[in-house]
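Following: one structure in structure tokens, then a few remarks.
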Protein chains: 2
Amino acid sequence: MYRSHTCGALSLTDINKTVSLSGWVQKNRKLGKMSFVDLRDRYGITQLTFNEIIDKQLFEYSLTLNREDVIQIEGLVVEREQKNAQLSTGEIEIQVQKLNVLSTSSTPPFTIENETDGGDELRMQYRYLDLRRPSVQEKIILRSKMAVEIRNYMSAQNFLEIETPFLIKSTPEGARDFVVPSRMNEGEFYALPQSPQTFKQLLMVSGFDRYFQIVRCFRDEDLRADRQPEFTQLDCEMSFVTQEDVMNMFEGLTKHMFKTFLNIKLDDFQRVSYKEAIENYGSDKPDLRFDMKFIELNTLLKDKGFAVFDNAELVVAINLKNSASFTRKQLDGLTDFVKQPQIGCKGMVYIKHNEDGSIKSSVDKFFSQAQLSEALAKSNSSKGDLLLILAGEKEQTRTALGKLRLHVADMLNLVNNNEFKPLWVVDFPLLEKIPDTDQWHAMHHPFTSPKKEDEHLLSSEPHKARANAYDLVINGVELGGGSIRIHERALQEKVFEALGFSKQEAYEQFGFLLDAFQYGAPPHGGIAFGFDRWVALFSKCESIRDCIAFPKNNSGKDVMINAPSKLDKTQLNELNIKLSV
Amino acid sequence: MYRSHTCGALSLTDINKTVSLSGWVQKNRKLGKMSFVDLRDRYGITQLTFNEIIDKQLFEYSLTLNREDVIQIEGLVVEREQKNAQLSTGEIEIQVQKLNVLSTSSTPPFTIENETDGGDELRMQYRYLDLRRPSVQEKIILRSKMAVEIRNYMSAQNFLEIETPFLIKSTPEGARDFVVPSRMNEGEFYALPQSPQTFKQLLMVSGFDRYFQIVRCFRDEDLRADRQPEFTQLDCEMSFVTQEDVMNMFEGLTKHMFKTFLNIKLDDFQRVSYKEAIENYGSDKPDLRFDMKFIELNTLLKDKGFAVFDNAELVVAINLKNSASFTRKQLDGLTDFVKQPQIGCKGMVYIKHNEDGSIKSSVDKFFSQAQLSEALAKSNSSKGDLLLILAGEKEQTRTALGKLRLHVADMLNLVNNNEFKPLWVVDFPLLEKIPDTDQWHAMHHPFTSPKKEDEHLLSSEPHKARANAYDLVINGVELGGGSIRIHERALQEKVFEALGFSKQEAYEQFGFLLDAFQYGAPPHGGIAFGFDRWVALFSKCESIRDCIAFPKNNSGKDVMINAPSKLDKTQLNELNIKLSV
């Protein structure tokens, strides 16, 4: 037996017990004829003492201990003279009687503390050491506890966790699949699932009624900062439900998680239509912790002779409270921000509503004070405010202003990191145009149902049809999204057609689902949450990567184990594939 | 809202309530001026009634309902005249006032009842309908509940569920990997994990102390009847533990599961060494529900002039109680059994210990009655018993007799399917010879530690070294297996060497683990259970395939979705691979 207790367990009630502990040497210091070792494990830190007068040999042995050595000790629990209120074990210490070094440690490549000197790449290579740092370990423990809580909540609501297959069929629609050559079926490939979508729908057809799964999914995309080729989803589906039923169920789960882990009691979630979200915030995942709604100024500022506005489809503004005092440099900074290629504006117009009531604008030449004053009035501007105006093509301008809105909120410290403003974004369009083509693809996925009242638009003006789709957005982050699915073969075929599938293509790829709908399919719908993202939100970390035990880097590599890697020729031969030269 | 209640919820306490239900039409029958519909969902069956006199139109509509149609109804809960004690809802029925057909069903390709007319292939193709059959649905629900129970038990024991990656590195050692070409890293491949072995060990190095995961694993093997290319494992690891600690922990879990799901209180598990298991039962996973231990007869029957025995390495027997009356035909049948190529004996010898005390044997010519009598005595044979003897090379003969033992136990109905006899098989050899070579491979896996007292054998007689490895066996099924791992770099290198790895190969493949052991690795060990198999055991089904929602067939195909399948050329090009012609 390596230990009678963990390093977080002992307290004053254990005084005079002989105990054994095992763990890592966190610190080792000598003070006169005494040495003190902090022994660490997942559960806490316990102070060990060695006394030269009592046992000289053991004392000297203790001095040889290095940070991160793994030791086992036996000793007597005694009350500390100087208590440490920071530690759960801070009232006691162990007078060590026996010491056994289980495993020694070389000097780690970086310091194993929250504030480490290790760079990103080095910590990824030695991820097993990085995971010893308390701030990192906490995230993984939080993740584990969140999964337990979700599972118990869902189970209590009669959801069954049902495992769906990982070796499935590749479908060209959507993101790129990871594929797996089949040795037994020459020339054929499995695909790894981007989500268990069709399987969970089949489970509804089977009558399982309420399904969930915390499940790994895969997407072979070019990785942006916060994407991982494999990620974890909380995937859910329910039968005999409307959109409201699904939203209520998962609003309940979300509130429960916030209460349990952050002790925050969330109010009922706002509901904002996609149209409102775009028109008011330039984003389908608006951060509502601050206001700054868009103000449309077409009627006031277009056709007054300022060509930039006159030629623009949309003139739109945000009002910054108490910001009329922005310097030239600050304003230039904002102009530079919106002119970045990824934002793509040609410029920015401002109107300062000075404290003394005077108005100063970058377009003073083109507009009368009265006209500018009208624009301020429409914007509910007060003395001391600053109006920022963008103009151009409607969609692009809104998106740009949405980004500017987030940027200035950050600048003005309007963002409270301890506040959470969840909302449901609803009434998404069913389809969106694939850029630079005449083709449409499904905004959510091809199995999403159109709103009943918009079904007739499918054959005439499909882009106008709205979907029974909903996203859960918190603080500008899309935490999850779902929809009520199609459960009738004819309607599903119609949607495939609108998406440009031929009958044959649709049947080849999704024939099993179309067939399934012929044998009594219940109305059903569901949702999927990005679990990594949820953990990141709760642990207040910037990147989902920090919330994954063994993440990949931005090239999709695991630099610790060195994957991916080359294969033997024989292995390739067995799989009946060759590398292209 | 599609329903106020489920089809399993209503009882006498709901009388006179107006309720709405949704579900599948299980049965529909007309009796005079009434029609009765059994409405089914996952939770139960509720009887609906339609009365021609009350509402003729609705009554006639009800007659058009087909099996498996999905309907929604509203109606009044009334007490049944003829109660059905079989159903939780058997005391009430619903007088339907509104009927809404949500989705109709074509005639299913097989009957959706426990006793179905659907063949294997057809049911696999329409697995979503097969999953509606109560006996199949129950297994998936049991599986889900078992997972919940395991997770809560493990969590209560301070285990953390930590997710490990699916896109890892291929290692030629062990079974064949499924691989995944990396588009971003040209010419390189990920592998899907055969188990999270090295990751869970790294988690111990990180200090997570107690890890578990219910996790999908992958093996590209030629599929035997009861193998799936993807399967689910309950994977566990603990730090600062001995073999006893791990066995006690998981004996506790196993007992808890048996109590919870089968209401069986298991006794403490027997422990049998590998050597004993092989010598007494010819198998490292003996079924202990019946005895029939092997009896070695070398000293009594060798060198008496019967060449078959004289030339054999081993003469070994089992004693069948009350079987002396076996007919010639039955005995010939047993001889045929052991002569099958997969068993490979040349023949079988018997000694009948007749009820009258006389002795009759197939080798009467070669042995005196006294010699045969001595053999019977050593075998604790009683009047009426039958001794079956095999002879030949030691290992092969034991294996053959082990199979014969199971065969006759089955024949004699010695196997009680409601009895469970768990045991730990311990003291496995560390290595086993790869057939037809001079090479060794790890019996458990290369990370298993040798017993301290056998470490010195590693360089001289590695095959004699025993491992700190253990299997949990129940009724002849290996439910799980594990080991105490190596946690020291030098010892791990020694074992790699014994396995024929060069230093460079070992480092290329497992350098990250060897490195990790240098930074303070705790002693650790663990176990992995075949979760599919565990569910199969508890649901008393023969094949793990029946306990998986969407299994593959014996060619590794999912015939429902038609996977694997061909890929587009463009997809292959992007992955930089070609098919070999």
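Ordering of the structure tokens sets the chain letters (A, B, ...); residue numbers start at 1 within each chain; ligands are numbered from 1 in the order shown.
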Exercise for the section: Just the residues within 10 Å of A:Ser239, please, counting only C-alpha atoms, with nothing from its chain fewer than 6 positions along; format it as number ranges by chain. Expected result: A: 201, 203-205, 207-211, 246, 484, 521-526; B: 2, 22-23
Practice task
List the neighbours of B:Pro446 out to 9 Å using only C-alpha atoms; skip same-chain residues closer than 6 positions along the sequence, and give me the result as a ChimeraX atom specification.
Solution key: /B:173,430-431,485-486,492,495-496,499
At most 10 Å is the cut-off: for each residue in stretch 100-188 of chain B with any atom that close to an atom of stretch 551-554 of chain A, write down the nearest atom pair and the distance in Å rounded to one decimal, counting only C-alpha atoms, chain first then increasing number, as CSV.
residue,atom,partner,partner_atom,distance
B:Thr164,CA,A:Pro551,CA,9.0
B:Pro165,CA,A:Pro551,CA,7.6
B:Leu167,CA,A:Lys552,CA,9.2
B:Ile168,CA,A:Lys552,CA,10.0
Problem - Long-range neighbours of stretch 411-424 of chain B as a PyMOL selection string, 10 Å cut-off, only C-alpha atoms, 6 positions minimum in chain - result: chain B and resi 247+251+254-255+258+262+264-274+285-291+320-323+405+469-481+537+540
Practice task
Write out as a PyMOL selection string which residues come within 12 Å of B:Tyr126 when counting only C-alpha atoms, dropping same-chain ones fewer than 3 positions away.
Solution key: (chain A and resi 202-203+205-206+511-519) or (chain B and resi 108-112+118-123+129-133+549-551+558-562)
Exercise for the section: Determine which residues of stretch 419-549 of chain A receive a DSSP assignment of strand (DSSP E), computed from the backbone, and state them as an NGL selection string. Expected result: :A and (422-426 or 431-433 or 440-442 or 469-474 or 477-484 or 524-530)
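For the choices B:Leu234, B:Ile577, B:Met154, B:Val349, the atom-to-atom distance to chain A is smallest for B:Ile577 when using only C-alpha atoms.
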Exercise for the section: Extract, using only C-alpha atoms, all DNA, RNA and protein residues at most 9 Å from B:Glu453, discarding same-chain residues fewer than 3 positions from it, and format them as a ChimeraX atom specification. Expected result: /B:450,456-457,465-466
Output N, CA and C atoms for every residue in the selection just made, as an mmCIF file, in the first residue's frame.
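The result, stored in out31.cif:
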data_model
loop_
_atom_site.group_PDB
_atom_site.id
_atom_site.type_symbol
_atom_site.label_atom_id
_atom_site.label_comp_id
_atom_site.auth_asym_id
_atom_site.auth_seq_id
_atom_site.Cartn_x
_atom_site.Cartn_y
_atom_site.Cartn_z
ATOM 1 N N PRO B 450 7.223 -6.603 -15.186
ATOM 2 C CA PRO B 450 7.488 -7.967 -14.697
ATOM 3 C C PRO B 450 7.416 -7.964 -13.169
ATOM 4 N N HIS B 456 15.187 -10.219 -12.920
ATOM 5 C CA HIS B 456 16.530 -10.702 -13.299
ATOM 6 C C HIS B 456 16.479 -11.679 -14.471
ATOM 7 N N LEU B 457 15.301 -12.229 -14.742
ATOM 8 C CA LEU B 457 15.174 -13.204 -15.832
ATOM 9 C C LEU B 457 15.140 -12.536 -17.209
ATOM 10 N N ALA B 465 9.786 -15.006 -17.119
ATOM 11 C CA ALA B 465 9.382 -13.891 -16.248
ATOM 12 C C ALA B 465 7.864 -13.788 -16.201
ATOM 13 N N ARG B 466 7.334 -13.631 -15.001
ATOM 14 C CA ARG B 466 5.902 -13.434 -14.860
ATOM 15 C C ARG B 466 5.586 -11.944 -14.749
#
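By only C-alpha atoms, and with residues fewer than 2 positions from B:Leu387 along its chain excluded, the set lying at most 6 Å from it is Ile318, Asn319, Tyr350 and Ile351 of chain B.
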Handout entry: Two-atom distance - atom CA of A:Lys378, atom CA of A:Lys352 (Å)
Key = 14.3 Å
Completion exercise
In Å and to one decimal, atom CA of B:Asn16 is distant from atom CA of B:Val77 by 5.2 Å
Practice task
Please identify all polymer residues within 8 Å of stretch 364-370 of chain A, counting only C-alpha atoms, omitting same-chain residues fewer than 5 positions from it, and present them as JSON, numbers by chain.
Solution key: {"A": [304, 305, 306, 359]}
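Computed from the coordinates, the atom CA of A:Thr232 to atom CA of B:Gln213 distance equals 13.9 Å.
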Problem - All alpha helix (DSSP H) positions in stretch 212-411 of chain B, as a PyMOL selection string - result: chain B and resi 243-257+274-281+298-301+307-310+328-339+369-378+394-411
